[in-house]
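> This is the structure I want to talk about, given as structure tokens.
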Amino acid sequence: MSINTSAATAGNASNASGAILVGRILLSILFILSGFAKLTAISATAQWFGSIGLPLPTVAAVGSGLLEFFGGLAILVGFQTRIVAIALAIFTLAATAIAHLNFGDQIQLLMLQKNLGLTGGFILLAILGAGAYSIDAKRG
């Protein structure tokens with residue numbers, strides 16, 4: 001009796017690509033929405049950034065909004081996924097270090113934990129790539 005390992009391997013690859021797609025969708029939602037919110041309320045975002053001591057708060061608001069929005073879209077469609085995942089992992093860790101290290105505030109502690117989980121997801125995407133259901137895969 002022989003086992004068709006190529007069919008099993010193809011099925012596992014399809015399942016993995018489907019799981020990566022779901023992961024990309026779930027990771028991207030937060031960044032697309034957050035980036036959009038920053039870009040549509042730049043003055044409020046800049047005011048908050050200034051209140052936590054960031055230099056050039058308007059530039060930081062625009063830059064972070066653009067990175068989150070377009071980075072989130074790139075992750076969603078699987079375009080330049082490895083590079084964008086690394087950029088968003090670094091950005092997320094930097095944002096955590098800047099704004100979410102007040103361990104006495106339960107909300108900030110929750111944000112820290114959330115951001116560590118997001119960073120883990122981006123590290124996995126940087127290693128695994130976008131999977132078969134992506135622009136990266138179509139481009140070869």
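Ordering of the structure tokens sets the chain letters (A, B, ...); residue numbers start at 1 within each chain; ligands are numbered from 1 in the order shown.
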Near A:Gly72, within 7 Å and counting only C-alpha atoms, which residues show up once chain neighbours fewer than 3 positions away are dropped, as an NGL selection string?

:A and (28-29 or 31-32 or 68-69 or 75-76)

> Save the residues we just selected, N, CA and C atoms, as an mmCIF file, in the first residue's frame?


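Resulting contents of result_39.cif:
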```
data_model
loop_
_atom_site.group_PDB
_atom_site.id
_atom_site.type_symbol
_atom_site.label_atom_id
_atom_site.label_comp_id
_atom_site.auth_asym_id
_atom_site.auth_seq_id
_atom_site.Cartn_x
_atom_site.Cartn_y
_atom_site.Cartn_z
ATOM 1 N N SER A 28 -3.921 42.967 9.946
ATOM 2 C CA SER A 28 -4.018 44.211 9.180
ATOM 3 C C SER A 28 -5.157 45.112 9.639
ATOM 4 N N ILE A 29 -6.243 44.536 10.117
ATOM 5 C CA ILE A 29 -7.415 45.338 10.500
ATOM 6 C C ILE A 29 -7.042 46.432 11.485
ATOM 7 N N PHE A 31 -4.188 47.872 12.107
ATOM 8 C CA PHE A 31 -3.304 48.896 11.574
ATOM 9 C C PHE A 31 -3.992 49.767 10.531
ATOM 10 N N ILE A 32 -4.829 49.191 9.706
ATOM 11 C CA ILE A 32 -5.575 49.989 8.731
ATOM 12 C C ILE A 32 -6.490 50.977 9.453
ATOM 13 N N GLU A 68 1.054 52.932 9.381
ATOM 14 C CA GLU A 68 0.018 51.999 9.837
ATOM 15 C C GLU A 68 -0.991 51.703 8.723
ATOM 16 N N PHE A 69 -1.470 52.744 8.059
ATOM 17 C CA PHE A 69 -2.512 52.544 7.046
ATOM 18 C C PHE A 69 -1.985 51.750 5.853
ATOM 19 N N ILE A 75 0.032 44.332 4.232
ATOM 20 C CA ILE A 75 -0.104 43.033 4.905
ATOM 21 C C ILE A 75 -1.399 42.356 4.454
ATOM 22 N N LEU A 76 -2.477 43.104 4.353
ATOM 23 C CA LEU A 76 -3.770 42.550 3.948
ATOM 24 C C LEU A 76 -3.685 41.861 2.590
#
```

> Could you give me, as a PyMOL selection string, the residues within 9 Å of A:Leu112, counting only C-alpha atoms and dropping anything in the same chain fewer than 2 positions from it?

chain A and resi 93+96-97+99-101+103+107-110+114-117

> Which one of A:Ala74, A:Val22, A:Gln106, A:Gly63 sits closest to A:Phe91 if you count only C-alpha atoms?

A:Gly63

> Pick from A:Leu124, A:Ile42, A:Ala94, A:Leu27: nearest to A:Val59, with only C-alpha atoms counted?

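With only C-alpha atoms as the atom set, the closest residue is A:Ile42.
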
> Taking the backbone alone, and naming residues the way the document does, which bits of chain A are helix (DSSP H, G or I) by DSSP, as JSON, numbers by chain?

{"A": [5, 6, 7, 8, 9, 10, 11, 12, 13, 14, 15, 16, 17, 18, 19, 20, 21, 22, 23, 24, 25, 26, 27, 28, 29, 30, 31, 32, 33, 34, 35, 36, 37, 38, 39, 40, 42, 43, 44, 45, 46, 47, 48, 49, 50, 51, 57, 58, 59, 60, 61, 62, 63, 64, 65, 66, 67, 68, 69, 70, 71, 72, 73, 74, 75, 76, 77, 81, 82, 83, 84, 85, 86, 87, 88, 89, 90, 91, 92, 93, 94, 95, 96, 97, 98, 99, 106, 107, 108, 109, 110, 111, 112, 113, 114, 115, 116, 117, 118, 119, 120, 121, 122, 123, 124, 125, 126, 127, 128, 135, 136, 137, 138, 139]}

> Between atom CA of A:Gly65 and atom CA of A:Ala46, measure the distance and give it in Å to one decimal.

10.7 Å
